[in-house]
Every structure is written in structure tokens, then in C-alpha cells.
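Contents: one structure, followed by commentary.
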Amino acid sequence: MKKFIISMMLIASGSVFPQVSLGTQAQEINRWTFGGGIGLGFGSNSSFNLQASPRVGYRLTEDLEAGGIGSVSWQTSNSYKSTMFGVGPFVNYYFARSFYVGANYQHFFINYKDKYYDYKYNTEENALYLGGGYMQRIGNNSFMQLGLMYNVLWKQNSSVFTSGLIPNIGFVVGL
């Protein structure tokens, strides 16, 4: 009798679950990601730098994300003042949910003013950053990214940037 009751319970429970799962639709997964980074710097000659880099991405697969990134930077010191805007696409590939490799292209618009000589300089520059880094989970679907990128288009004598190597810290929500 005991075997009969256990067998009937298993059969009944097996027939209930398929009926429940057949009637429900799969929950839609939100593939949009949001994030970015901010920067603050101080230096010699009373220099000050403030930067913000917002980004919006879309997960093409579980591990591949593409989107757009922007950048705005304000720099000032005793001798100069500069404003820079950048915009462009990016792509990131995530593996083991702890590491990523990525690329982003940005087109920068630069406005520079020398305070001593009253000299103004407006220019544009392209940058293609390649690199990767480590991700630390800070919530259910939120991560802090620590990485290093290199601008492969950087030229020492003609770039407005002092180096092609850029450390970055950012946050991503939605992965």
C-alpha cells in the first residue's frame, strides 16, 4: 500500500508540473545595460580635471555587449583651460563573469585655450581603445570594472593626449 501511494503521488506531481509550465510564457530578459565612469584629478600649477563617461549597451548574447559611449572632460590650470567631448561605439566580451576584453572607438572634439598668450585651439582627434580588465560584482546584475585600455591610434608628437595607455574604473548595471 505504501508503494502504491508513493507511486501515485509521483505520477500526480509529474502531471501537474507540465500543465503549469505549458501555460506560462518565458519571462522576457532585459538586455539593456547602463553605466559609465567618473574621474577627478589634481596636479601641479593648480590643475584640476573632471571627467564623466556615460554608456548604454545592449547584450547581443549572454557574453557579448555592444553600445554607445560618450565622454566629457573639463581641465583647467594656471596656464590653460580645456574642454573635450567624445562619442562613439563600443563592444565588450565577458568571460567567466569576472573578466572582460573590449574595444571602443571615440571621436573627440577638443577646445583648448592658453591663458597666458590668449591663444585658442580647436581640433578633433580619433581614438581606438583596446584592452580589458577585471569585474567585481556589487549587486544582483551590477559590476564594477577595473581595466586598462590602450589607444592604438595615439601618436606621441601629434596627439593632444599625453599617453596612449589609460587605466579605467567604471560601473555597469544590467549584465
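So you can find residues: chains in the C-alpha cells are A, B, ... in the order shown, residues in each start at 1, and ligands are numbered from 1 in order.
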
Inset, instruction - Name the residues of region 110-159 of chain A that come out as strand (DSSP E) in a backbone DSSP run; write them as JSON, numbers by chain. - result: {"A": [110, 111, 112, 113, 114, 119, 120, 121, 122, 123, 124, 125, 126, 127, 128, 129, 130, 131, 132, 133, 134, 135, 136, 137, 142, 143, 144, 145, 146, 147, 148, 149, 150, 151]}

Create the file for the chosen residues now, containing N, CA, C and O atoms and written as a compact mmCIF listing (two decimals), in the first residue's frame.
# COMPACT_ATOMS: atom_id res chain seq x y z
N ILE A 110 37.95 68.88 -29.27
CA ILE A 110 38.76 69.49 -28.23
C ILE A 110 38.80 71.00 -28.41
O ILE A 110 39.04 71.50 -29.52
N ASN A 111 38.58 71.71 -27.31
CA ASN A 111 38.66 73.17 -27.27
C ASN A 111 39.71 73.52 -26.22
O ASN A 111 39.53 73.21 -25.04
N TYR A 112 40.80 74.16 -26.64
CA TYR A 112 41.92 74.46 -25.75
C TYR A 112 42.18 75.97 -25.77
O TYR A 112 42.17 76.59 -26.83
N LYS A 113 42.43 76.54 -24.60
CA LYS A 113 42.74 77.97 -24.52
C LYS A 113 43.93 78.16 -23.58
O LYS A 113 43.90 77.74 -22.43
N ASP A 114 44.98 78.80 -24.12
CA ASP A 114 46.16 79.16 -23.34
C ASP A 114 45.87 80.49 -22.65
O ASP A 114 45.57 81.48 -23.30
N TYR A 119 45.75 82.33 -26.59
CA TYR A 119 45.77 81.50 -27.79
C TYR A 119 44.67 80.45 -27.67
O TYR A 119 44.57 79.75 -26.67
N LYS A 120 43.84 80.33 -28.71
CA LYS A 120 42.76 79.33 -28.72
C LYS A 120 43.04 78.30 -29.81
O LYS A 120 43.51 78.64 -30.89
N TYR A 121 42.72 77.07 -29.49
CA TYR A 121 42.99 75.97 -30.40
C TYR A 121 41.81 75.01 -30.36
O TYR A 121 41.46 74.48 -29.30
N ASN A 122 41.18 74.77 -31.50
CA ASN A 122 40.10 73.79 -31.63
C ASN A 122 40.56 72.70 -32.58
O ASN A 122 41.05 73.00 -33.66
N THR A 123 40.36 71.46 -32.18
CA THR A 123 40.78 70.35 -33.02
C THR A 123 39.88 69.15 -32.77
O THR A 123 39.04 69.17 -31.87
N GLU A 124 40.08 68.12 -33.56
CA GLU A 124 39.38 66.86 -33.40
C GLU A 124 40.41 65.74 -33.46
O GLU A 124 41.44 65.87 -34.11
N GLU A 125 40.13 64.64 -32.75
CA GLU A 125 41.05 63.51 -32.75
C GLU A 125 40.27 62.21 -32.58
O GLU A 125 39.28 62.17 -31.84
N ASN A 126 40.73 61.17 -33.24
CA ASN A 126 40.13 59.84 -33.13
C ASN A 126 40.95 58.98 -32.19
O ASN A 126 42.17 59.11 -32.11
N ALA A 127 40.26 58.09 -31.48
CA ALA A 127 40.94 57.16 -30.59
C ALA A 127 40.27 55.79 -30.70
O ALA A 127 39.04 55.70 -30.72
N LEU A 128 41.07 54.75 -30.79
CA LEU A 128 40.58 53.38 -30.78
C LEU A 128 41.24 52.68 -29.60
O LEU A 128 42.43 52.38 -29.61
N TYR A 129 40.46 52.48 -28.55
CA TYR A 129 40.95 51.88 -27.32
C TYR A 129 40.72 50.38 -27.34
O TYR A 129 39.60 49.92 -27.57
N LEU A 130 41.77 49.60 -27.06
CA LEU A 130 41.69 48.15 -26.94
C LEU A 130 42.22 47.76 -25.57
O LEU A 130 43.22 48.32 -25.12
N GLY A 131 41.57 46.82 -24.93
CA GLY A 131 42.05 46.41 -23.61
C GLY A 131 41.11 45.47 -22.93
O GLY A 131 40.26 44.82 -23.55
N GLY A 132 41.21 45.42 -21.62
CA GLY A 132 40.37 44.54 -20.83
C GLY A 132 40.60 44.76 -19.37
O GLY A 132 41.28 45.70 -18.96
N GLY A 133 40.02 43.87 -18.58
CA GLY A 133 40.19 44.02 -17.15
C GLY A 133 39.38 43.03 -16.34
O GLY A 133 38.91 42.01 -16.85
N TYR A 134 39.20 43.37 -15.10
CA TYR A 134 38.55 42.54 -14.10
C TYR A 134 37.21 43.16 -13.71
O TYR A 134 37.08 44.39 -13.67
N MET A 135 36.23 42.32 -13.42
CA MET A 135 34.92 42.79 -12.98
C MET A 135 34.63 42.26 -11.58
O MET A 135 34.82 41.07 -11.31
N GLN A 136 34.13 43.13 -10.72
CA GLN A 136 33.74 42.74 -9.36
C GLN A 136 32.24 42.95 -9.22
O GLN A 136 31.75 44.06 -9.44
N ARG A 137 31.52 41.91 -8.86
CA ARG A 137 30.07 42.01 -8.66
C ARG A 137 29.79 42.90 -7.44
O ARG A 137 30.39 42.71 -6.39
N SER A 142 24.90 44.06 -11.19
CA SER A 142 25.75 45.25 -11.24
C SER A 142 27.20 44.86 -10.99
O SER A 142 27.49 44.03 -10.14
N PHE A 143 28.09 45.51 -11.74
CA PHE A 143 29.51 45.21 -11.63
C PHE A 143 30.34 46.48 -11.63
O PHE A 143 29.96 47.48 -12.24
N MET A 144 31.48 46.43 -10.96
CA MET A 144 32.50 47.47 -11.07
C MET A 144 33.57 46.89 -11.98
O MET A 144 33.99 45.74 -11.81
N GLN A 145 34.01 47.67 -12.97
CA GLN A 145 35.03 47.22 -13.90
C GLN A 145 36.34 47.97 -13.62
O GLN A 145 36.35 49.19 -13.53
N LEU A 146 37.41 47.23 -13.51
CA LEU A 146 38.75 47.78 -13.35
C LEU A 146 39.57 47.28 -14.53
O LEU A 146 39.68 46.07 -14.74
N GLY A 147 40.10 48.22 -15.33
CA GLY A 147 40.79 47.76 -16.52
C GLY A 147 41.86 48.71 -17.01
O GLY A 147 42.13 49.75 -16.42
N LEU A 148 42.43 48.32 -18.12
CA LEU A 148 43.49 49.08 -18.77
C LEU A 148 43.23 49.05 -20.27
O LEU A 148 43.00 47.99 -20.84
N MET A 149 43.24 50.23 -20.89
CA MET A 149 42.99 50.35 -22.32
C MET A 149 44.18 51.05 -22.96
O MET A 149 44.85 51.86 -22.32
N TYR A 150 44.42 50.76 -24.24
CA TYR A 150 45.48 51.43 -24.97
C TYR A 150 44.91 51.97 -26.28
O TYR A 150 44.23 51.25 -27.02
N ASN A 151 45.18 53.25 -26.56
CA ASN A 151 44.74 53.90 -27.79
C ASN A 151 45.73 53.55 -28.90
O ASN A 151 46.83 54.09 -28.95

Legend entry - Shell of 8 Å around Tyr93 (chain A), only C-alpha atoms, local chain residues under 4 positions omitted, as a VMD selection string: chain A and resid 63 to 65 100 to 102

Inset, instruction - Could you give me the residues within chain A that DSSP places in alpha helix (DSSP H), as an MDAnalysis selection string? - result: chainID A and resid 2:22

With N, CA and C atoms kept, could you save the residues just selected as a compact mmCIF listing (two decimals), in the first residue's frame?
# COMPACT_ATOMS: atom_id res chain seq x y z
N LYS A 2 1.93 1.20 0.78
CA LYS A 2 2.83 2.34 0.87
C LYS A 2 3.46 2.64 -0.49
N LYS A 3 3.88 1.59 -1.21
CA LYS A 3 4.47 1.77 -2.54
C LYS A 3 3.45 2.33 -3.51
N PHE A 4 2.21 1.91 -3.40
CA PHE A 4 1.15 2.41 -4.27
C PHE A 4 0.91 3.90 -4.06
N ILE A 5 0.84 4.35 -2.82
CA ILE A 5 0.60 5.77 -2.52
C ILE A 5 1.76 6.62 -3.01
N ILE A 6 2.99 6.19 -2.78
CA ILE A 6 4.17 6.94 -3.24
C ILE A 6 4.19 7.01 -4.76
N SER A 7 3.87 5.91 -5.42
CA SER A 7 3.84 5.89 -6.88
C SER A 7 2.77 6.84 -7.42
N MET A 8 1.60 6.85 -6.82
CA MET A 8 0.50 7.73 -7.25
C MET A 8 0.86 9.20 -7.03
N MET A 9 1.54 9.51 -5.94
CA MET A 9 1.95 10.89 -5.66
C MET A 9 2.98 11.35 -6.69
N LEU A 10 3.91 10.49 -7.05
CA LEU A 10 4.90 10.85 -8.06
C LEU A 10 4.26 11.08 -9.43
N ILE A 11 3.32 10.22 -9.79
CA ILE A 11 2.62 10.38 -11.07
C ILE A 11 1.79 11.66 -11.07
N ALA A 12 1.08 11.94 -9.97
CA ALA A 12 0.25 13.14 -9.88
C ALA A 12 1.11 14.40 -9.92
N SER A 13 2.23 14.40 -9.21
CA SER A 13 3.08 15.58 -9.22
C SER A 13 3.74 15.78 -10.58
N GLY A 14 4.08 14.69 -11.25
CA GLY A 14 4.67 14.78 -12.59
C GLY A 14 3.69 15.33 -13.60
N SER A 15 2.42 15.04 -13.46
CA SER A 15 1.43 15.53 -14.42
C SER A 15 1.02 16.97 -14.13
N VAL A 16 1.16 17.44 -12.90
CA VAL A 16 0.79 18.82 -12.55
C VAL A 16 1.83 19.80 -13.08
N PHE A 17 3.11 19.52 -12.93
CA PHE A 17 4.14 20.46 -13.34
C PHE A 17 4.13 20.76 -14.83
N PRO A 18 3.98 19.76 -15.72
CA PRO A 18 3.94 20.09 -17.14
C PRO A 18 2.75 20.99 -17.49
N GLN A 19 1.62 20.81 -16.85
CA GLN A 19 0.46 21.63 -17.13
C GLN A 19 0.72 23.07 -16.73
N VAL A 20 1.38 23.30 -15.63
CA VAL A 20 1.66 24.64 -15.16
C VAL A 20 2.67 25.32 -16.09
N SER A 21 3.73 24.63 -16.47
CA SER A 21 4.77 25.24 -17.29
C SER A 21 4.32 25.47 -18.72
N LEU A 22 3.40 24.67 -19.23
CA LEU A 22 2.92 24.87 -20.58
C LEU A 22 2.09 26.12 -20.72

Inset, instruction - Take CA of Leu153 (chain A) and CA of Pro167 (chain A) and report the distance between them in Å, one decimal. - result: 16.5 Å

Inset, instruction - Using only C-alpha atoms, pick whichever of A:Asp118, A:Asn168, A:Val173, A:Arg97 has the shortest atom-to-atom distance to Gly39 (chain A). - result: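 Looking only at the distances to Gly39 (chain A), the closest residue turns out to be A:Asn168.
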
Inset, instruction - Excluding Gly86 (chain A) and any residue of its chain fewer than 6 positions from it, enumerate the residues within 8 Å of it, using only C-alpha atoms, and give them as a list in words. - result: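 My reading of the contact set: Gly70, Ser71, Val72, Gln106, His107, Phe108 and Phe109 of chain A.
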
Inset, instruction - Select, from A:Lys81, A:Phe171, A:Phe34, A:Trp154, the residue with the minimum atom-to-atom distance to Asn49 (chain A), counting only C-alpha atoms. - result: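 Closest to Asn49 (chain A) of all the choices is A:Lys81.
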
Legend entry - Nearest to Tyr105 (chain A), chosen from A:Ser159, A:Phe48, A:Pro89, A:Ser79, with only C-alpha atoms counted in the distances: A:Pro89
